[in-house]
$ cat final.cif   # mmCIF, C-alpha atoms
data_entry
#
loop_
_atom_site.label_atom_id
_atom_site.label_comp_id
_atom_site.auth_asym_id
_atom_site.auth_seq_id
_atom_site.Cartn_x
_atom_site.Cartn_y
_atom_site.Cartn_z
CA MET A 1 127.64 160.29 88.18
CA THR A 2 124.70 159.68 90.52
CA LYS A 3 122.88 156.35 90.85
CA THR A 4 119.91 157.90 89.07
CA GLU A 5 122.07 159.03 86.17
CA LYS A 6 123.82 155.65 85.95
CA LEU A 7 120.56 153.73 85.86
CA GLN A 8 118.90 156.07 83.39
CA LYS A 9 121.91 155.87 81.07
CA ALA A 10 121.90 152.06 81.19
CA ILE A 11 118.17 151.91 80.50
CA THR A 12 118.44 154.24 77.52
CA ARG A 13 121.42 152.30 76.14
CA GLU A 14 120.15 148.76 76.69
CA LEU A 15 116.36 148.94 76.61
CA GLY A 16 115.95 151.51 73.85
CA ASP A 17 112.91 153.67 73.18
CA PRO A 18 110.19 153.18 75.83
CA GLN A 19 107.63 153.25 73.02
CA SER A 20 109.01 149.87 71.93
CA TRP A 21 108.64 148.20 75.33
CA GLY A 22 105.08 146.97 74.95
CA VAL A 23 102.54 146.78 77.74
CA PRO A 24 102.97 145.04 81.11
CA VAL A 25 101.14 141.83 81.91
CA GLU A 26 97.90 142.57 83.70
CA PHE A 27 94.49 141.10 84.46
CA PRO A 28 92.61 144.26 85.46
CA ASP A 29 89.24 142.58 86.02
CA SER A 30 90.23 139.18 87.42
CA LEU A 31 91.62 138.80 90.91
CA ALA A 32 91.66 135.05 90.28
CA LEU A 33 94.12 135.38 87.38
CA CYS A 34 96.20 137.97 89.23
CA VAL A 35 96.66 135.62 92.17
CA LEU A 36 97.37 132.56 90.04
CA ASN A 37 99.94 134.41 87.95
CA SER A 38 101.62 135.98 90.97
CA VAL A 39 101.91 132.77 92.97
CA TYR A 40 102.86 130.49 90.09
CA SER A 41 105.58 132.90 88.92
CA LEU A 42 107.56 132.47 92.15
CA ARG A 43 110.84 130.73 91.27
CA ALA A 44 109.21 129.23 88.20
CA THR A 45 109.37 129.63 84.45
CA SER A 46 106.94 131.87 82.59
CA THR A 47 105.93 128.83 80.52
CA SER A 48 104.82 127.00 83.66
CA GLY A 49 102.75 129.97 84.79
CA GLN A 50 101.15 130.36 81.39
CA GLY A 51 100.17 126.71 81.45
CA VAL A 52 98.42 127.18 84.78
CA LEU A 53 96.46 130.16 83.47
CA SER A 54 95.48 128.27 80.32
CA ARG A 55 94.18 125.32 82.31
CA TYR A 56 92.22 127.60 84.63
CA ARG A 57 90.67 129.38 81.65
CA ALA A 58 89.68 125.99 80.24
CA VAL A 59 87.46 125.30 83.25
CA SER A 60 86.27 128.86 83.81
CA PRO A 61 84.65 130.66 80.87
CA SER A 62 84.47 133.77 83.08
CA ALA A 63 88.19 133.65 84.01
CA ASN A 64 88.87 137.20 82.77
CA SER A 65 86.43 138.58 85.34
CA ASP A 66 86.61 135.98 88.12
CA SER A 67 86.84 137.31 91.67
CA GLY A 68 88.80 135.80 94.53
CA PRO A 69 85.72 134.00 95.88
CA ASP A 70 85.09 132.59 92.39
CA LEU A 71 88.50 130.90 92.45
CA VAL A 72 87.94 129.66 96.01
CA ALA A 73 84.57 128.23 94.94
CA ARG A 74 86.18 126.40 92.03
CA MET A 75 88.73 124.87 94.40
CA ASP A 76 85.93 123.78 96.72
CA ALA A 77 84.01 122.27 93.82
CA ALA A 78 87.09 120.26 92.81
CA GLY A 79 87.38 118.85 96.33
CA GLY A 80 89.81 121.37 97.80
CA PRO A 81 93.17 122.99 96.96
CA GLU A 82 95.07 119.70 96.58
CA GLN A 83 92.60 118.19 94.16
CA PHE A 84 92.42 121.47 92.26
CA ALA A 85 96.20 121.51 91.85
CA THR A 86 96.25 117.89 90.69
CA GLU A 87 93.15 117.58 88.55
CA VAL A 88 92.54 121.09 87.22
CA LEU A 89 95.84 122.97 87.13
CA LYS A 90 97.92 119.79 86.75
CA ASN A 91 100.69 121.47 88.68
CA ARG A 92 101.68 120.27 92.14
CA SER A 93 104.63 122.61 92.61
CA LYS A 94 105.25 123.95 96.09
CA LEU A 95 105.47 127.45 97.50
CA PRO A 96 109.15 128.42 97.73
CA GLY A 97 110.76 127.34 100.99
CA THR A 98 107.80 125.21 102.04
CA SER A 99 106.23 121.82 101.48
CA ARG A 100 102.85 123.44 100.76
CA LEU A 101 101.12 123.31 97.39
CA ARG A 102 100.77 126.71 95.80
CA THR A 103 97.01 126.23 95.70
CA GLU A 104 96.97 125.89 99.49
CA GLY A 105 98.62 129.30 99.83
CA ILE A 106 96.25 130.79 97.26
CA TYR A 107 93.20 129.45 99.07
CA GLU A 108 94.41 130.81 102.40
CA ALA A 109 95.37 134.21 100.93
CA LEU A 110 92.08 134.75 99.11
CA THR A 111 90.10 133.70 102.18
CA GLY A 112 92.10 136.10 104.34
CA LEU A 113 91.78 139.00 101.89
CA ALA A 114 88.00 138.60 101.82
CA ARG A 115 87.57 138.00 105.55
CA ASP A 116 90.09 140.46 107.01
CA ALA A 117 90.21 143.22 104.38
CA SER A 118 86.97 142.92 102.35
CA VAL A 119 89.03 142.52 99.17
CA THR A 120 87.42 140.20 96.64
CA THR A 121 88.04 141.91 93.27
CA THR A 122 90.84 143.72 91.48
CA ALA A 123 88.97 146.99 91.95
CA ASP A 124 88.95 146.35 95.71
CA LEU A 125 92.66 145.57 95.63
CA ARG A 126 93.62 148.68 93.68
CA GLU A 127 91.58 150.88 96.01
CA ALA A 128 92.71 149.27 99.26
CA SER A 129 96.29 148.19 98.50
CA VAL A 130 97.82 150.86 100.77
CA ARG A 131 95.83 149.71 103.79
CA PRO A 132 98.12 147.72 106.11
CA GLU A 133 95.59 144.98 106.81
CA VAL A 134 95.40 144.15 103.08
CA LYS A 135 99.12 143.55 102.70
CA ARG A 136 99.17 141.79 106.08
CA ALA A 137 96.46 139.35 104.97
CA TRP A 138 98.63 138.34 102.01
CA LEU A 139 102.00 138.20 103.77
CA SER A 140 100.60 136.22 106.69
CA VAL A 141 100.43 133.18 104.39
CA ARG A 142 103.51 131.02 104.76
CA GLY A 143 105.35 130.95 101.44
CA LEU A 144 104.04 134.27 100.13
CA GLY A 145 106.49 137.13 100.50
CA PRO A 146 106.97 140.75 99.41
CA LEU A 147 107.82 139.88 95.79
CA SER A 148 104.58 137.97 95.32
CA TRP A 149 102.68 140.89 96.87
CA SER A 150 104.33 143.37 94.51
CA TYR A 151 103.59 141.20 91.48
CA LEU A 152 99.98 140.75 92.58
CA LEU A 153 99.54 144.53 92.59
CA MET A 154 101.28 144.88 89.24
CA ASN A 155 99.04 142.21 87.70
CA ALA A 156 96.01 144.12 89.00
CA GLY A 157 97.20 147.30 87.25
CA VAL A 158 98.87 149.25 90.07
CA ASP A 159 101.23 151.34 87.96
CA ASP A 160 103.60 152.63 90.64
CA GLU A 161 104.54 149.14 91.88
CA VAL A 162 107.76 147.30 90.96
CA LYS A 163 109.13 143.86 91.85
CA PRO A 164 112.90 143.84 92.48
CA ASP A 165 113.38 140.14 91.83
CA VAL A 166 116.61 138.43 90.81
CA MET A 167 116.49 139.63 87.20
CA VAL A 168 115.75 143.24 88.09
CA GLN A 169 118.51 143.18 90.69
CA ARG A 170 120.92 141.72 88.14
CA PHE A 171 120.24 144.60 85.75
CA MET A 172 120.57 147.11 88.57
CA ASP A 173 123.88 145.65 89.76
CA ARG A 174 125.31 145.83 86.25
CA ALA A 175 124.00 149.34 85.63
CA LEU A 176 125.22 150.79 88.94
CA GLY A 177 128.48 148.90 89.25
CA ALA A 178 130.07 147.21 92.23
CA ASP A 179 130.45 150.40 94.24
CA ASP A 180 126.77 151.32 94.12
CA LYS A 181 124.93 148.03 94.65
CA LEU A 182 121.60 148.56 96.38
CA PRO A 183 119.45 146.41 98.66
CA ALA A 184 115.97 145.61 97.38
CA SER A 185 114.43 148.22 99.69
CA GLU A 186 116.30 150.99 97.87
CA ILE A 187 115.67 149.72 94.36
CA LYS A 188 111.98 150.57 94.34
CA PRO A 189 112.31 154.34 94.96
CA LEU A 190 115.18 154.58 92.48
CA MET A 191 113.18 152.82 89.77
CA ARG A 192 110.20 155.08 90.45
CA LEU A 193 112.38 158.17 90.11
CA VAL A 194 113.95 157.03 86.86
CA ALA A 195 110.58 155.97 85.46
CA ALA A 196 109.24 159.47 86.14
CA ASN A 197 112.26 160.97 84.37
CA LEU A 198 111.59 158.76 81.35
CA GLY A 199 107.85 159.45 81.33
CA VAL A 200 106.83 155.83 81.88
CA SER A 201 105.17 153.96 84.72
CA PRO A 202 107.40 152.09 87.19
CA ARG A 203 105.47 148.95 86.29
CA ALA A 204 106.33 149.35 82.60
CA LEU A 205 109.99 149.88 83.45
CA ASP A 206 110.04 146.79 85.65
CA ARG A 207 108.55 144.70 82.84
CA ALA A 208 111.03 146.02 80.26
CA ILE A 209 113.97 145.17 82.52
CA TRP A 210 112.55 141.72 83.27
CA LEU A 211 112.12 140.91 79.60
CA TYR A 212 115.61 142.18 78.79
CA GLU A 213 117.13 139.94 81.45
CA SER A 214 114.92 136.95 80.65
CA PRO A 215 116.87 133.76 79.81
CA SER A 216 114.54 133.20 76.83
CA ARG A 217 115.59 136.48 75.20
CA THR A 218 117.71 136.13 72.09
CA ARG A 219 120.74 138.36 72.41
#

$ encode --input "final.cif" --output "structure tokens"
Amino acid sequence: MTKTEKLQKAITRELGDPQSWGVPVEFPDSLALCVLNSVYSLRATSTSGQGVLSRYRAVSPSANSDSGPDLVARMDAAGGPEQFATEVLKNRSKLPGTSRLRTEGIYEALTGLARDASVTTTADLREASVRPEVKRAWLSVRGLGPLSWSYLLMNAGVDDEVKPDVMVQRFMDRALGADDKLPASEIKPLMRLVAANLGVSPRALDRAIWLYESPSRTR
């Protein structure tokens, strides 16, 4: 049995009918919410991330359509990224592997996207995501890696993107078995192939696997 066949069989058996999967998380008109959700999901609970989004919405009536510069302006108005983390988001967690507040990375990333790639909205991001300078502007920020980039695109509605994080890799390892374990670089094309076979978007498949593997799921 090929890797494709193994994975497709496991998905059909464990995840059920794709019509029951629901829709992926997305903020198609708000780069601000996409960035907050992407960065605050890194090695954190979904509850923590949801709290951050709720507190941002509380201070921004236009949150569902806020651009990157809108979020930067709100940080500036609060006195900078540190004060914004403390007083507005009430979350001083750090970027993984660093001593930097997540808001500091967000501020730097949004400034770089606007300055170096002319990306200020989700529409800009969807249109320009394949340009190397766009991804480079994000990954140049210490503490932001490929998984956060993938999740940023997924949040913005890029359907062919997936994020092979620890939960997706756990499902893949179980589905493929010890002899066919794959590095993260090979998981993406395999998931895209299987998603096409199932008639769903890679992003929807990623979300279904993530929810299935989520610790909060009742088995």

$ closest_residue --input "final.cif" --among "A:Ser48, A:Ser118, A:Thr86, A:Ser185" --to "Leu36 (chain A)" --atoms "only C-alpha atoms"
A:Ser48

$ residues_around --input "final.cif" --residues "Val162 (chain A)" --least-positions-apart "3" --cutoff "9 Å" --atoms "all atoms listed in the file" --output "list in words"
Leu147, Ser150, Tyr151, Leu153, Met154, Asp159, Ile187, Lys188, Met191, Arg192, Pro202, Arg203, Ala204, Leu205, Asp206 and Arg207 of chain A

$ residues_around --input "final.cif" --residues "Ala114 (chain A)" --least-positions-apart "5" --cutoff "9 Å" --atoms "all atoms listed in the file" --output "list in words"
Gly68, Pro69, Ala109, Val119 and Thr120 of chain A

$ write_last_selection --input "final.cif" --atoms "C-alpha atoms" --output "short mmCIF file (atom, residue, chain, number, x, y, z; two decimals), keeping the file's coordinate frame"
data_model
loop_
_atom_site.label_atom_id
_atom_site.label_comp_id
_atom_site.auth_asym_id
_atom_site.auth_seq_id
_atom_site.Cartn_x
_atom_site.Cartn_y
_atom_site.Cartn_z
CA GLY A 68 88.80 135.80 94.53
CA PRO A 69 85.72 134.00 95.88
CA ALA A 109 95.37 134.21 100.93
CA VAL A 119 89.03 142.52 99.17
CA THR A 120 87.42 140.20 96.64
#

$ closest_residue --input "final.cif" --among "A:Leu193, A:Met167, A:Ala117, A:Val141" --to "Arg102 (chain A)" --atoms "all atoms listed in the file"
A:Val141

$ atom_distance --input "final.cif" --atom1 "CA of Cys34 (chain A)" --atom2 "CA of Ser140 (chain A)"
18.1 Å

$ residues_around --input "final.cif" --residues "Ser41 (chain A)" --least-positions-apart "2" --cutoff "12 Å" --atoms "all atoms listed in the file" --output "count of residues only"
33

$ atom_distance --input "final.cif" --atom1 "CA of Leu182 (chain A)" --atom2 "CA of Ile209 (chain A)"
16.2 Å

$ atom_distance --input "final.cif" --atom1 "CA of Arg100 (chain A)" --atom2 "CA of Arg142 (chain A)"
8.6 Å

$ resolve_selection --input "final.cif" --expression "the PyMOL selection byres ((chain A and resi 60) around 12)" --output "JSON, numbers by chain"
{"A": [30, 32, 33, 53, 54, 55, 56, 57, 58, 59, 61, 62, 63, 64, 65, 66, 67, 70, 71, 73, 74, 75, 88, 89]}

$ write_last_selection --input "final.cif" --atoms "C-alpha atoms" --output "PDB file, in the frame of the given file"
ATOM      1  CA  SER A  30      90.230 139.180  87.420  1.00  0.00           C
ATOM      2  CA  ALA A  32      91.660 135.050  90.280  1.00  0.00           C
ATOM      3  CA  LEU A  33      94.120 135.380  87.380  1.00  0.00           C
ATOM      4  CA  LEU A  53      96.460 130.160  83.470  1.00  0.00           C
ATOM      5  CA  SER A  54      95.480 128.270  80.320  1.00  0.00           C
ATOM      6  CA  ARG A  55      94.180 125.320  82.310  1.00  0.00           C
ATOM      7  CA  TYR A  56      92.220 127.600  84.630  1.00  0.00           C
ATOM      8  CA  ARG A  57      90.670 129.380  81.650  1.00  0.00           C
ATOM      9  CA  ALA A  58      89.680 125.990  80.240  1.00  0.00           C
ATOM     10  CA  VAL A  59      87.460 125.300  83.250  1.00  0.00           C
ATOM     11  CA  PRO A  61      84.650 130.660  80.870  1.00  0.00           C
ATOM     12  CA  SER A  62      84.470 133.770  83.080  1.00  0.00           C
ATOM     13  CA  ALA A  63      88.190 133.650  84.010  1.00  0.00           C
ATOM     14  CA  ASN A  64      88.870 137.200  82.770  1.00  0.00           C
ATOM     15  CA  SER A  65      86.430 138.580  85.340  1.00  0.00           C
ATOM     16  CA  ASP A  66      86.610 135.980  88.120  1.00  0.00           C
ATOM     17  CA  SER A  67      86.840 137.310  91.670  1.00  0.00           C
ATOM     18  CA  ASP A  70      85.090 132.590  92.390  1.00  0.00           C
ATOM     19  CA  LEU A  71      88.500 130.900  92.450  1.00  0.00           C
ATOM     20  CA  ALA A  73      84.570 128.230  94.940  1.00  0.00           C
ATOM     21  CA  ARG A  74      86.180 126.400  92.030  1.00  0.00           C
ATOM     22  CA  MET A  75      88.730 124.870  94.400  1.00  0.00           C
ATOM     23  CA  VAL A  88      92.540 121.090  87.220  1.00  0.00           C
ATOM     24  CA  LEU A  89      95.840 122.970  87.130  1.00  0.00           C
TER      25      LEU A  89
END

$ resolve_selection --input "final.cif" --expression "the PyMOL selection byres ((chain A and resi 1-15) around 10)" --output "PyMOL selection string"
chain A and resi 16-18+20-21+171-177+180-182+190-191+193-195+197-198+205+208-209+211-212

$ axis_aligned_box --input "final.cif" --around "region 83-86 of chain A" --padding-each-side "3 Å" --output "JSON"
{"center_x": 94.3, "center_y": 119.7, "center_z": 92.4, "size_x": 9.8, "size_y": 9.6, "size_z": 9.5}

$ closest_residue --input "final.cif" --among "A:Asp179, A:Asp160, A:Glu186, A:Lys135" --to "Val200 (chain A)" --atoms "only C-alpha atoms"
A:Asp160

$ closest_residue --input "final.cif" --among "A:Ala128, A:Val166, A:Ala137, A:Ala85" --to "Leu113 (chain A)" --atoms "all atoms listed in the file"
A:Ala137

$ closest_residue --input "final.cif" --among "A:Glu161, A:Glu104, A:Asp124, A:Glu213" --to "Glu82 (chain A)" --atoms "all atoms listed in the file"
A:Glu104

$ closest_residue --input "final.cif" --among "A:Thr98, A:Ser129, A:Ser201, A:Thr121" --to "Val23 (chain A)" --atoms "all atoms listed in the file"
A:Ser201
